[in-house]
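Enquirer: I am sharing upload.txt, which consists of compact mmCIF, C-alpha atoms (C1' of nucleotides):
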# COMPACT_ATOMS: atom_id res chain seq x y z
CA MET A 188 38.18 -0.26 13.07
CA GLN A 189 35.58 0.07 15.81
CA LEU A 190 34.06 -3.39 16.28
CA ASP A 191 32.26 -3.34 19.61
CA LEU A 192 28.89 -2.69 18.06
CA ILE A 193 28.87 -5.50 15.55
CA LYS A 194 30.21 -7.89 18.16
CA LYS A 195 27.33 -6.94 20.44
CA GLU A 196 24.78 -7.39 17.67
CA LEU A 197 26.17 -10.77 16.64
CA ARG A 198 26.15 -11.98 20.20
CA LYS A 199 22.47 -11.18 20.52
CA VAL A 200 21.91 -13.97 18.01
CA ILE A 201 24.72 -16.51 18.20
CA HIS A 202 27.48 -17.69 20.45
CA LEU A 203 30.80 -16.27 19.29
CA ASP A 204 33.97 -16.32 21.36
CA ASP A 205 36.64 -13.65 20.98
CA GLU A 206 38.91 -15.77 18.86
CA MET A 207 36.18 -16.66 16.37
CA PHE A 208 35.13 -13.05 16.26
CA GLN A 209 38.71 -12.03 15.51
CA ASP A 210 38.82 -14.34 12.51
CA PHE A 211 35.43 -13.23 11.35
CA SER A 212 36.08 -9.54 11.67
CA LYS A 213 39.26 -9.73 9.58
CA LEU A 214 37.09 -10.43 6.57
CA PHE A 215 35.19 -7.18 6.84
CA ARG A 216 36.27 -4.03 5.11
CA THR A 217 35.29 -0.54 6.30
CA VAL A 218 33.49 1.83 3.96
CA ARG A 219 32.80 5.46 4.72
CA LEU A 220 29.93 7.12 2.88
CA GLU A 221 29.39 10.86 2.80
CA LYS A 222 25.88 12.25 3.00
CA GLY A 223 24.12 11.55 -0.27
CA GLU A 224 26.56 8.86 -1.45
CA PHE A 225 25.23 5.51 -2.63
CA TRP A 226 26.03 2.08 -1.34
CA ILE A 227 23.93 0.46 -4.04
CA LYS A 228 23.00 2.20 -7.26
CA ASN A 229 20.87 0.70 -10.03
CA GLY A 230 21.00 -2.65 -8.31
CA ARG A 231 24.79 -2.85 -8.65
CA ARG A 232 26.91 -4.16 -5.77
CA SER A 233 23.93 -5.91 -4.25
CA ASN A 234 26.04 -9.03 -3.74
CA TYR A 235 27.48 -7.67 -0.52
CA ILE A 236 26.31 -7.82 3.01
CA GLY A 237 26.85 -4.73 5.09
CA PHE A 238 26.62 -3.76 8.71
CA VAL A 239 25.74 -0.18 9.61
CA ASN A 240 28.37 0.77 12.14
CA GLY A 241 27.12 4.34 12.25
CA GLY A 242 24.72 6.62 10.41
CA ILE A 243 21.47 6.04 8.58
CA LEU A 244 20.58 5.03 5.04
CA ARG A 245 17.47 4.78 2.90
CA GLN A 246 16.62 2.01 0.45
CA TYR A 247 14.39 3.23 -2.36
CA VAL A 248 13.29 2.78 -5.93
CA GLN A 249 12.50 5.33 -8.59
CA GLN A 250 9.37 4.96 -10.65
CA GLU A 251 7.97 7.48 -13.08
CA GLY A 252 10.13 10.24 -11.65
CA GLU A 253 9.08 9.59 -8.06
CA GLU A 254 11.01 7.98 -5.24
CA PHE A 255 9.55 5.36 -2.92
CA ILE A 256 11.40 4.34 0.21
CA GLN A 257 11.18 0.66 1.11
CA ASN A 258 13.30 0.77 4.19
CA PHE A 259 15.68 2.68 6.39
CA PHE A 260 18.86 1.14 7.78
CA VAL A 261 20.04 2.58 11.08
CA THR A 262 23.10 1.99 13.23
CA GLY A 263 23.22 -1.69 14.20
CA ASP A 264 21.31 -3.01 11.16
CA PHE A 265 22.50 -5.65 8.70
CA MET A 266 21.86 -5.09 5.00
CA GLY A 267 21.64 -7.53 2.10
CA LEU A 268 21.33 -10.88 3.83
CA PHE A 269 19.49 -12.49 0.94
CA ALA A 270 21.35 -13.60 -2.13
CA ARG A 271 19.90 -11.59 -4.98
CA PRO A 272 19.97 -13.66 -8.13
CA ASN A 273 21.11 -11.43 -10.95
CA LYS A 274 18.22 -12.23 -13.21
CA GLN A 275 15.73 -10.52 -10.98
CA ARG A 276 18.00 -7.76 -9.73
CA ASN A 277 15.99 -4.60 -9.49
CA GLU A 278 17.65 -2.03 -11.75
CA SER A 279 16.18 0.93 -9.95
CA LEU A 280 17.16 -0.15 -6.43
CA ARG A 281 19.33 2.29 -4.52
CA ILE A 282 20.69 2.51 -1.02
CA GLN A 283 21.85 6.00 -0.13
CA ALA A 284 23.45 7.52 2.95
CA ILE A 285 21.13 10.10 4.50
CA GLU A 286 24.01 11.27 6.66
CA VAL A 287 27.69 10.32 6.97
CA CYS A 288 27.83 6.54 7.45
CA GLU A 289 30.35 3.90 8.31
CA LEU A 290 29.69 0.41 6.98
CA LEU A 291 31.42 -2.89 7.56
CA VAL A 292 31.09 -4.92 4.37
CA MET A 293 31.83 -8.38 3.02
CA PRO A 294 30.99 -10.06 -0.30
CA TYR A 295 27.96 -12.28 0.08
CA GLU A 296 29.93 -15.15 -1.42
CA ARG A 297 32.44 -14.94 1.37
CA LEU A 298 29.75 -15.16 4.02
CA GLN A 299 28.32 -18.19 2.23
CA CYS A 300 31.74 -19.79 2.27
CA LEU A 301 32.21 -19.09 5.96
CA ILE A 302 28.80 -20.52 6.69
CA GLY A 303 30.04 -23.79 5.26
CA PHE A 304 32.62 -23.92 8.06
CA SER A 305 30.56 -22.71 10.97
CA LYS A 306 27.21 -23.86 12.27
CA ASN A 307 27.05 -20.65 14.27
CA LEU A 308 27.26 -18.48 11.22
CA GLU A 309 24.65 -20.57 9.50
CA GLN A 310 22.44 -19.90 12.48
CA PHE A 311 23.22 -16.21 12.18
CA SER A 312 22.24 -16.19 8.53
CA ASN A 313 19.03 -18.15 9.11
CA HIS A 314 18.05 -16.03 12.04
CA TRP A 315 18.39 -12.82 10.08
CA GLN A 316 16.72 -14.11 6.97
CA THR A 317 13.70 -15.12 9.01
CA GLU A 318 13.83 -11.82 10.88
CA LYS A 319 13.97 -9.72 7.72
CA TYR A 320 11.24 -11.74 6.08
CA THR A 321 8.94 -11.41 9.06
CA GLU A 322 9.60 -7.70 9.25
CA LEU A 323 8.78 -7.20 5.58
CA ASP A 324 5.70 -9.36 5.94
CA GLN A 325 4.43 -7.19 8.76
CA MET A 326 5.23 -3.99 6.89
CA TYR A 327 3.26 -5.36 3.97
CA VAL A 328 0.19 -5.96 6.08
CA ARG A 329 0.48 -2.51 7.58
CA LEU A 330 0.62 -0.92 4.16
CA LEU A 331 -2.31 -3.01 2.97
CA ALA A 332 -4.56 -2.61 5.99
CA GLN A 333 -3.79 0.69 7.62
CA THR A 334 -4.42 4.34 6.83
CA PRO A 335 -1.48 6.74 6.42
CA GLU A 336 -2.26 8.17 9.83
CA GLN A 337 -2.14 4.75 11.48
CA ARG A 338 1.13 4.00 9.75
CA TYR A 339 2.59 7.31 10.93
CA ARG A 340 1.56 6.58 14.50
CA TRP A 341 3.12 3.15 14.27
CA LEU A 342 6.36 4.70 13.11
CA LEU A 343 6.23 7.23 15.92
CA SER A 344 5.88 4.61 18.60
CA HIS A 345 8.06 1.85 17.12
CA LYS A 346 10.79 3.69 15.23
CA PRO A 347 11.12 7.11 16.84
CA GLU A 348 14.82 7.26 15.94
CA ILE A 349 13.79 7.37 12.27
CA ILE A 350 11.31 10.19 12.82
CA ASN A 351 14.00 12.17 14.59
CA GLN A 352 16.89 11.62 12.21
CA VAL A 353 15.21 11.80 8.84
CA PRO A 354 13.71 14.76 6.93
CA GLN A 355 9.95 14.62 6.69
CA TYR A 356 9.74 14.26 2.94
CA TYR A 357 11.62 10.96 3.33
CA ILE A 358 9.17 9.86 6.00
CA ALA A 359 6.39 10.67 3.55
CA GLN A 360 8.05 8.62 0.79
CA TYR A 361 8.29 5.76 3.27
CA LEU A 362 4.64 6.01 4.30
CA GLY A 363 3.50 6.20 0.69
CA ILE A 364 2.03 9.70 0.96
CA LYS A 365 2.92 13.27 -0.07
CA PRO A 366 4.85 15.56 2.29
CA GLU A 367 1.86 17.92 2.45
CA THR A 368 -0.35 15.09 3.64
CA LEU A 369 2.14 14.13 6.33
CA SER A 370 2.21 17.71 7.49
CA ARG A 371 -1.57 17.71 7.85
CA ILE A 372 -1.57 14.37 9.66
CA LYS A 373 0.85 15.78 12.20
CA LYS A 374 -1.43 18.73 12.77
CA ARG A 375 -4.49 16.54 13.46
CA ALA A 376 -2.55 14.29 15.81
CA MET B 186 -0.81 -40.16 -3.42
CA GLN B 187 -0.28 -38.27 -6.65
CA LEU B 188 3.32 -37.08 -6.63
CA ASP B 189 4.18 -36.12 -10.19
CA LEU B 190 3.56 -32.44 -9.62
CA ILE B 191 5.74 -31.98 -6.57
CA LYS B 192 8.50 -34.01 -8.19
CA LYS B 193 8.37 -31.73 -11.21
CA GLU B 194 8.44 -28.60 -9.03
CA LEU B 195 11.35 -29.87 -6.96
CA ARG B 196 13.31 -30.73 -10.07
CA LYS B 197 12.98 -27.21 -11.37
CA VAL B 198 15.20 -26.21 -8.46
CA ILE B 199 17.42 -29.09 -7.42
CA HIS B 200 18.78 -32.36 -8.64
CA LEU B 201 16.83 -35.24 -7.15
CA ASP B 202 17.01 -38.81 -8.43
CA ASP B 203 14.05 -41.18 -8.13
CA GLU B 204 15.40 -43.00 -5.12
CA MET B 205 16.00 -39.81 -3.14
CA PHE B 206 12.60 -38.60 -4.11
CA GLN B 207 11.05 -41.83 -2.87
CA ASP B 208 12.65 -41.35 0.54
CA PHE B 209 11.67 -37.74 0.65
CA SER B 210 8.08 -38.27 -0.39
CA LYS B 211 7.49 -40.84 2.35
CA LEU B 212 7.73 -38.06 4.89
CA PHE B 213 4.82 -36.13 3.45
CA ARG B 214 1.28 -36.60 4.57
CA THR B 215 -1.76 -35.77 2.44
CA VAL B 216 -4.39 -33.34 3.69
CA ARG B 217 -7.67 -32.67 1.98
CA LEU B 218 -9.39 -29.38 2.68
CA GLU B 219 -12.98 -28.66 1.75
CA LYS B 220 -13.92 -25.25 0.44
CA GLY B 221 -13.78 -22.77 3.31
CA GLU B 222 -11.68 -24.96 5.62
CA PHE B 223 -8.56 -23.56 7.22
CA TRP B 224 -5.02 -24.79 6.98
CA ILE B 225 -3.81 -22.19 9.47
CA LYS B 226 -6.12 -20.42 11.88
CA ASN B 227 -5.05 -17.77 14.38
CA GLY B 228 -1.42 -18.47 13.58
CA ARG B 229 -1.70 -22.07 14.77
CA ARG B 230 -0.05 -24.89 12.87
CA SER B 231 2.32 -22.48 11.18
CA ASN B 232 5.23 -24.83 11.89
CA TYR B 233 4.46 -26.91 8.84
CA ILE B 234 5.50 -26.62 5.27
CA GLY B 235 2.90 -27.49 2.70
CA PHE B 236 2.77 -28.09 -1.01
CA VAL B 237 -0.41 -27.27 -2.91
CA ASN B 238 -1.05 -30.38 -4.93
CA GLY B 239 -4.36 -29.03 -6.16
CA GLY B 240 -6.72 -26.16 -5.48
CA ILE B 241 -6.22 -22.60 -4.35
CA LEU B 242 -5.93 -20.90 -0.94
CA ARG B 243 -5.83 -17.41 0.45
CA GLN B 244 -3.60 -16.13 3.23
CA TYR B 245 -5.17 -13.23 5.07
CA VAL B 246 -5.42 -11.31 8.31
CA GLN B 247 -8.40 -9.78 10.03
CA GLN B 248 -8.19 -6.26 11.38
CA GLU B 249 -11.03 -4.22 12.75
CA GLY B 250 -13.59 -6.53 11.21
CA GLU B 251 -12.08 -6.39 7.74
CA GLU B 252 -10.09 -9.03 5.91
CA PHE B 253 -6.88 -8.29 4.02
CA ILE B 254 -5.38 -10.88 1.72
CA GLN B 255 -1.60 -11.06 1.71
CA ASN B 256 -1.23 -13.86 -0.75
CA PHE B 257 -2.85 -16.61 -2.77
CA PHE B 258 -1.38 -20.10 -3.00
CA VAL B 259 -2.18 -21.96 -6.20
CA THR B 260 -1.45 -25.47 -7.41
CA GLY B 261 2.31 -25.99 -7.43
CA ASP B 262 3.14 -23.49 -4.67
CA PHE B 263 5.03 -24.18 -1.46
CA MET B 264 3.75 -22.65 1.77
CA GLY B 265 5.52 -21.86 5.04
CA LEU B 266 9.17 -22.13 4.12
CA PHE B 267 10.28 -19.74 6.81
CA ALA B 268 10.49 -20.86 10.40
CA ARG B 269 8.08 -18.67 12.31
CA PRO B 270 9.40 -18.06 15.79
CA ASN B 271 6.49 -18.37 18.17
CA LYS B 272 7.07 -15.06 19.85
CA GLN B 273 6.17 -13.09 16.76
CA ARG B 274 3.53 -15.46 15.42
CA ASN B 275 0.71 -13.43 14.02
CA GLU B 276 -2.42 -14.34 15.93
CA SER B 277 -4.77 -13.22 13.21
CA LEU B 278 -3.05 -15.09 10.35
CA ARG B 279 -5.23 -17.53 8.46
CA ILE B 280 -4.83 -19.68 5.40
CA GLN B 281 -8.13 -20.85 3.99
CA ALA B 282 -9.09 -23.08 1.07
CA ILE B 283 -11.03 -21.08 -1.52
CA GLU B 284 -11.99 -24.34 -3.19
CA VAL B 285 -11.37 -28.03 -2.44
CA CYS B 286 -7.61 -28.46 -1.98
CA GLU B 287 -5.12 -31.24 -1.61
CA LEU B 288 -1.96 -30.44 0.32
CA LEU B 289 1.21 -32.44 0.93
CA VAL B 290 2.51 -31.44 4.34
CA MET B 291 5.49 -32.01 6.61
CA PRO B 292 6.48 -30.48 9.96
CA TYR B 293 9.03 -27.73 9.44
CA GLU B 294 11.30 -29.42 11.98
CA ARG B 295 11.44 -32.52 9.85
CA LEU B 296 12.49 -30.55 6.80
CA GLN B 297 15.21 -28.89 8.88
CA CYS B 298 16.40 -32.29 9.97
CA LEU B 299 16.49 -33.59 6.41
CA ILE B 300 18.38 -30.52 5.32
CA GLY B 301 21.13 -31.54 7.72
CA PHE B 302 21.60 -34.71 5.66
CA SER B 303 21.28 -33.36 2.17
CA LYS B 304 23.02 -30.45 0.47
CA ASN B 305 20.36 -30.61 -2.21
CA LEU B 306 17.54 -30.00 0.21
CA GLU B 307 19.46 -27.15 1.76
CA GLN B 308 19.67 -25.67 -1.71
CA PHE B 309 15.96 -26.18 -2.12
CA SER B 310 15.25 -24.37 1.11
CA ASN B 311 17.61 -21.48 0.34
CA HIS B 312 16.28 -21.12 -3.15
CA TRP B 313 12.70 -20.85 -1.99
CA GLN B 314 13.44 -18.55 0.89
CA THR B 315 15.17 -16.14 -1.47
CA GLU B 316 12.38 -16.55 -3.98
CA LYS B 317 9.63 -15.83 -1.46
CA TYR B 318 11.50 -12.89 -0.02
CA THR B 319 12.08 -11.36 -3.44
CA GLU B 320 8.45 -11.85 -4.36
CA LEU B 321 7.24 -10.17 -1.19
CA ASP B 322 9.74 -7.36 -1.69
CA GLN B 323 8.38 -6.70 -5.16
CA MET B 324 4.79 -6.89 -3.98
CA TYR B 325 5.66 -4.33 -1.34
CA VAL B 326 7.03 -1.88 -3.88
CA ARG B 327 3.99 -2.38 -6.05
CA LEU B 328 1.67 -1.62 -3.18
CA LEU B 329 3.74 1.42 -2.22
CA ALA B 330 4.26 2.88 -5.66
CA GLN B 331 1.32 1.89 -7.84
CA THR B 332 -2.33 2.86 -8.11
CA PRO B 333 -5.04 0.22 -7.62
CA GLU B 334 -5.60 0.21 -11.38
CA GLN B 335 -1.92 -0.46 -12.07
CA ARG B 336 -1.91 -3.26 -9.53
CA TYR B 337 -5.00 -4.79 -11.10
CA ARG B 338 -3.39 -4.69 -14.54
CA TRP B 339 -0.28 -6.31 -13.14
CA LEU B 340 -2.36 -9.10 -11.69
CA LEU B 341 -4.18 -9.53 -14.99
CA SER B 342 -1.00 -9.96 -16.96
CA HIS B 343 1.11 -11.83 -14.40
CA LYS B 344 -1.36 -13.95 -12.44
CA PRO B 345 -4.36 -14.52 -14.72
CA GLU B 346 -5.09 -17.88 -13.05
CA ILE B 347 -5.89 -15.98 -9.87
CA ILE B 348 -8.25 -13.58 -11.61
CA ASN B 349 -10.05 -16.53 -13.15
CA GLN B 350 -10.34 -18.79 -10.12
CA VAL B 351 -11.10 -16.32 -7.37
CA PRO B 352 -14.24 -14.26 -6.60
CA GLN B 353 -13.75 -10.57 -7.20
CA TYR B 354 -14.22 -9.49 -3.62
CA TYR B 355 -11.15 -11.56 -2.76
CA ILE B 356 -9.22 -9.89 -5.56
CA ALA B 357 -10.26 -6.55 -4.08
CA GLN B 358 -9.07 -7.59 -0.62
CA TYR B 359 -5.77 -8.55 -2.19
CA LEU B 360 -5.39 -5.25 -4.06
CA GLY B 361 -6.30 -3.26 -0.97
CA ILE B 362 -9.49 -1.74 -2.40
CA LYS B 363 -13.25 -2.21 -2.08
CA PRO B 364 -15.13 -4.56 -4.43
CA GLU B 365 -17.10 -1.60 -5.81
CA THR B 366 -13.88 0.14 -6.76
CA LEU B 367 -12.58 -2.96 -8.51
CA SER B 368 -15.80 -3.20 -10.45
CA ARG B 369 -15.38 0.38 -11.64
CA ILE B 370 -11.73 -0.17 -12.54
CA LYS B 371 -12.76 -3.07 -14.75
CA LYS B 372 -15.27 -0.86 -16.50
CA ARG B 373 -12.69 1.83 -17.31
CA ALA B 374 -10.19 -0.73 -18.57
C1' DA C 90 -37.90 -23.05 -15.60
C1' DT C 91 -38.36 -20.95 -11.13
C1' DC C 92 -36.79 -19.60 -6.73
C1' DC C 93 -33.23 -18.38 -3.62
C1' DC C 94 -28.92 -16.75 -2.46
C1' DT C 95 -24.60 -14.82 -3.46
C1' DT C 96 -21.82 -11.75 -6.10
C1' DT C 97 -21.31 -7.90 -9.09
C1' DT C 98 -22.66 -3.62 -10.89
C1' DT C 99 -24.53 1.01 -10.73
C1' DG C 100 -25.76 5.51 -8.76
C1' DA C 101 -25.54 9.42 -5.49
C1' DC C 102 -22.92 11.24 -2.14
C1' DT C 103 -18.87 11.68 1.28
C1' DT C 104 -14.23 11.40 2.67
C1' DT C 105 -9.47 11.33 1.92
C1' DG C 106 -5.43 12.29 -0.11
C1' DG C 107 -3.23 14.73 -4.20
C1' DT C 108 -2.06 19.02 -6.70
C1' DC C 109 -0.48 23.53 -7.21
C1' DA C 110 0.81 27.77 -5.55
C1' DA C 111 2.00 30.79 -1.87
C1' DT C 112 3.89 31.63 2.69
C1' DG C 113 6.78 30.97 6.62
C1' DG C 114 10.99 29.19 9.02
C1' DA C 115 15.34 27.63 9.49
C1' DT C 116 20.03 27.08 7.97
C1' DT C 117 23.77 27.91 5.16
C1' DT C 118 26.38 31.00 1.94
C1' DT C 119 28.37 35.05 0.77
C1' DA D 8 23.57 40.89 8.30
C1' DA D 9 21.48 39.95 3.96
C1' DA D 10 20.54 36.74 0.51
C1' DA D 11 19.71 32.37 -1.00
C1' DT D 12 18.26 27.78 -0.42
C1' DC D 13 15.81 24.19 1.36
C1' DC D 14 12.11 22.32 3.82
C1' DA D 15 7.68 22.46 6.16
C1' DT D 16 3.19 24.42 6.39
C1' DT D 17 -1.15 26.32 4.76
C1' DG D 18 -5.03 27.17 1.67
C1' DA D 19 -8.05 26.37 -2.26
C1' DC D 20 -9.32 23.20 -5.32
C1' DC D 21 -9.45 18.48 -7.65
C1' DA D 22 -9.47 13.54 -8.29
C1' DA D 23 -9.83 9.03 -6.52
C1' DA D 24 -11.56 5.76 -3.57
C1' DG D 25 -14.97 4.75 0.14
C1' DT D 26 -19.85 4.34 1.70
C1' DC D 27 -24.47 3.11 1.48
C1' DA D 28 -28.30 1.52 -0.88
C1' DA D 29 -30.52 -0.49 -4.65
C1' DA D 30 -30.67 -3.04 -8.86
C1' DA D 31 -28.90 -6.51 -11.93
C1' DA D 32 -26.62 -10.73 -12.96
C1' DG D 33 -25.13 -15.47 -12.00
C1' DG D 34 -25.40 -20.11 -10.08
C1' DG D 35 -27.29 -23.81 -7.73
C1' DA D 36 -30.96 -26.34 -5.87
C1' DT D 37 -35.61 -27.96 -6.39
Could you spell out this file's structure in structure tokens?
Expert:
Amino acid sequence: MQLDLIKKELRKVIHLDDEMFQDFSKLFRTVRLEKGEFWIKNGRRSNYIGFVNGGILRQYVQQEGEEFIQNFFVTGDFMGLFARPNKQRNESLRIQAIEVCELLVMPYERLQCLIGFSKNLEQFSNHWQTEKYTELDQMYVRLLAQTPEQRYRWLLSHKPEIINQVPQYYIAQYLGIKPETLSRIKKRA
Amino acid sequence: MQLDLIKKELRKVIHLDDEMFQDFSKLFRTVRLEKGEFWIKNGRRSNYIGFVNGGILRQYVQQEGEEFIQNFFVTGDFMGLFARPNKQRNESLRIQAIEVCELLVMPYERLQCLIGFSKNLEQFSNHWQTEKYTELDQMYVRLLAQTPEQRYRWLLSHKPEIINQVPQYYIAQYLGIKPETLSRIKKRA
DNA sequence: ATCCCTTTTTGACTTTGGTCAATGGATTTT
DNA sequence: AAAATCCATTGACCAAAGTCAAAAAGGGAT
């Protein structure tokens, strides 16, 4: 198991000595996903947290035959840091590997339990919850206030790795427009 | 200070006996806002949590001379349950009273401190953070996947109190359309 | 009730993005 | 290499929302 990356990411946020990290890392399990495979399908298995150790995934919903991408997860991202109460689990939620991925995963319950023992991990959890919330909040405003072209330009300058690694029809689904429109936007630009 | 409402709302989520509630409620301060007054302006004073004890507010941003409403807060809602790290504080964020409001407020730091002493309050905080995140997540998908008419219908059936209490140009700002368009949507319907 | 001011509605026109169908390019399969 | 497949681009047309301006409808104040 290659753990340098997650160690680095954790240490950006909290203090974690090697011994603690050893203990912590034992609780992860490695999952390999082939291109096109699902990590979450129909909202099932959403009670896990996952770390993207390599690869890229898309989180999307299906509505009336169309797919809408809420988010991409790239190498170094954490997924699923909010408990998702079953009652309001979204049945159409899917997280799919766009290319071969390696995830490090742990049941959400187990993280909760660990948090009980470690102030540091609690900090980790709080930090990321706030981070993810703020990110979503900003995405929401962008979607509300900006034109597709402005959103595309934002993506270009802030998330170029996504533009480069992901087919354009996925980018379009993420921006909330049709692939043809994205093609025309690129031409204008 | 009229505290029945907040007690009721808290008890929907956590166990809280009268004595604990007494202690807790002492830490709140009452704020009265006249119509048009701001609770948060230019991102300032976002380090407070607030409970809407009466009235209705709008949370919005200004961009290129236009206003975009992210959210309404109605009687019984909590505001500001996520710590907002200063670095990414949104300078154009405002929360304004649409009509006369009464808020019960407390510095976020103080809530954090209390949480250290009470498992129940920690539960309260976690519950609401998850709740707010899920809500925003669903709003995001709606904005991404649905037409203005569909979003209007959703608002009609799920948040009728907002439709009734709020001028239509605010509803339009919330739905991401122009007031004229909303007027036409209502005619079709 | 009348006047004033704000909000909503209506109409004519423009702009933007969607739709559908065809073409072109690139990559994989055989 | 040829064929097949998938994806991106282009063009012609359509539908939906935006814009601007004017009229109508409410809501207070006097």
Enquirer: Counting only C-alpha atoms (C1' of nucleotides), collect the residues of chain C whose closest atom lies at most 12 Å from chain A, and write them out as a ChimeraX atom specification.
Expert: /C:105-109
Enquirer: Chain D residues within 12 Å of chain B, counting only C-alpha atoms (C1' of nucleotides): which ones, as JSON, numbers by chain?
Expert: {"D": [23, 24, 25, 26, 27]}
Enquirer: Identify which of the residues B:Leu201, B:Leu242, B:Ile191, B:Leu329 lies closest to chain A, counting only C-alpha atoms when measuring atom-to-atom distances.
Expert: B:Leu329
Enquirer: Would you pick out the contacts of DA32 of chain D at 10 Å or less, using only C-alpha atoms (C1' of nucleotides), so that residues sharing its chain but fewer than 5 positions from it are not included, and give the list as a list in words?
Expert: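 Result of the neighbour search: DT96, DT97 and DT98 of chain C.
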Enquirer: Taking only C-alpha atoms into account, report as a tab-separated table (two decimals) with C-alpha atoms, in the coordinates of the input which residues of chain B lie within 7 Å of chain A.
Expert:
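Result file follows (result_39.tsv):
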chain	number	residue	atom	x	y	z
B	253	PHE	CA	-6.88	-8.29	4.02
B	255	GLN	CA	-1.60	-11.06	1.71
B	267	PHE	CA	10.28	-19.74	6.81
B	268	ALA	CA	10.49	-20.86	10.40
B	315	THR	CA	15.17	-16.14	-1.47
B	318	TYR	CA	11.50	-12.89	-0.02
B	325	TYR	CA	5.66	-4.33	-1.34
B	326	VAL	CA	7.03	-1.88	-3.88
B	329	LEU	CA	3.74	1.42	-2.22
B	330	ALA	CA	4.26	2.88	-5.66
B	361	GLY	CA	-6.30	-3.26	-0.97
Enquirer: Counting all atoms listed in the file, which residue out of A:Met207, A:Met188, A:Ala284, A:Val261 sits closest to Glu224 of chain A?
Expert: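 Closest residue, counting all atoms listed in the file: A:Ala284.
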Enquirer: At what distance in Å, to one decimal, does atom CA of Arg216 of chain A lie from atom CA of Lys195 of chain A?
Expert: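 It comes out at 18.0 Å.
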Enquirer: Have a look at atom CA of Gly265 of chain B and atom CA of Ser279 of chain A and let me know their distance in Å, one decimal.
Expert: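 About the pair atom CA of Gly265 of chain B and atom CA of Ser279 of chain A: they are 29.3 Å apart.
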Enquirer: Restricting the calculation to all atoms listed in the file: of B:Trp313, B:Glu334, B:Leu212, B:Asp202, which residue gets closest to Glu294 of chain B?
Expert: B:Leu212
Enquirer: Interatomic distance between atom CA of Ser370 of chain A and atom CA of Arg281 of chain A?
Expert: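 Atom CA of Arg281 of chain A lies at a distance of 26.0 Å from atom CA of Ser370 of chain A.
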Enquirer: Please rebuild segment 250-263 of chain A with N, CA and C atoms and give the result as a PDB file, in the coordinates of the input.
Expert:
ATOM      1  N   GLN A 250      10.348   5.376  -9.656  1.00  0.00           N
ATOM      2  CA  GLN A 250       9.370   4.960 -10.650  1.00  0.00           C
ATOM      3  C   GLN A 250       8.605   6.169 -11.150  1.00  0.00           C
ATOM      4  N   GLU A 251       8.645   6.339 -12.460  1.00  0.00           N
ATOM      5  CA  GLU A 251       7.970   7.480 -13.080  1.00  0.00           C
ATOM      6  C   GLU A 251       8.328   8.787 -12.386  1.00  0.00           C
ATOM      7  N   GLY A 252       9.638   8.973 -12.192  1.00  0.00           N
ATOM      8  CA  GLY A 252      10.130  10.240 -11.650  1.00  0.00           C
ATOM      9  C   GLY A 252       9.961  10.414 -10.147  1.00  0.00           C
ATOM     10  N   GLU A 253       9.269   9.461  -9.493  1.00  0.00           N
ATOM     11  CA  GLU A 253       9.080   9.590  -8.060  1.00  0.00           C
ATOM     12  C   GLU A 253       9.907   8.563  -7.307  1.00  0.00           C
ATOM     13  N   GLU A 254      10.226   8.900  -6.053  1.00  0.00           N
ATOM     14  CA  GLU A 254      11.010   7.980  -5.240  1.00  0.00           C
ATOM     15  C   GLU A 254      10.138   7.372  -4.155  1.00  0.00           C
ATOM     16  N   PHE A 255      10.316   6.063  -3.941  1.00  0.00           N
ATOM     17  CA  PHE A 255       9.550   5.360  -2.920  1.00  0.00           C
ATOM     18  C   PHE A 255      10.513   4.612  -2.003  1.00  0.00           C
ATOM     19  N   ILE A 256      10.462   4.938  -0.735  1.00  0.00           N
ATOM     20  CA  ILE A 256      11.400   4.340   0.210  1.00  0.00           C
ATOM     21  C   ILE A 256      10.839   3.040   0.768  1.00  0.00           C
ATOM     22  N   GLN A 257      11.608   1.966   0.588  1.00  0.00           N
ATOM     23  CA  GLN A 257      11.180   0.660   1.110  1.00  0.00           C
ATOM     24  C   GLN A 257      11.590   0.495   2.549  1.00  0.00           C
ATOM     25  N   ASN A 258      12.735   1.086   2.887  1.00  0.00           N
ATOM     26  CA  ASN A 258      13.300   0.770   4.190  1.00  0.00           C
ATOM     27  C   ASN A 258      14.380   1.771   4.577  1.00  0.00           C
ATOM     28  N   PHE A 259      14.522   1.967   5.874  1.00  0.00           N
ATOM     29  CA  PHE A 259      15.680   2.680   6.390  1.00  0.00           C
ATOM     30  C   PHE A 259      16.604   1.680   7.077  1.00  0.00           C
ATOM     31  N   PHE A 260      17.900   1.929   7.006  1.00  0.00           N
ATOM     32  CA  PHE A 260      18.860   1.140   7.780  1.00  0.00           C
ATOM     33  C   PHE A 260      19.543   2.065   8.776  1.00  0.00           C
ATOM     34  N   VAL A 261      19.441   1.731  10.048  1.00  0.00           N
ATOM     35  CA  VAL A 261      20.040   2.580  11.080  1.00  0.00           C
ATOM     36  C   VAL A 261      21.218   1.848  11.717  1.00  0.00           C
ATOM     37  N   THR A 262      21.943   2.563  12.537  1.00  0.00           N
ATOM     38  CA  THR A 262      23.100   1.990  13.230  1.00  0.00           C
ATOM     39  C   THR A 262      22.723   0.668  13.903  1.00  0.00           C
ATOM     40  N   GLY A 263      23.481  -0.382  13.614  1.00  0.00           N
ATOM     41  CA  GLY A 263      23.220  -1.690  14.200  1.00  0.00           C
ATOM     42  C   GLY A 263      22.478  -2.645  13.272  1.00  0.00           C
TER      43      GLY A 263
END
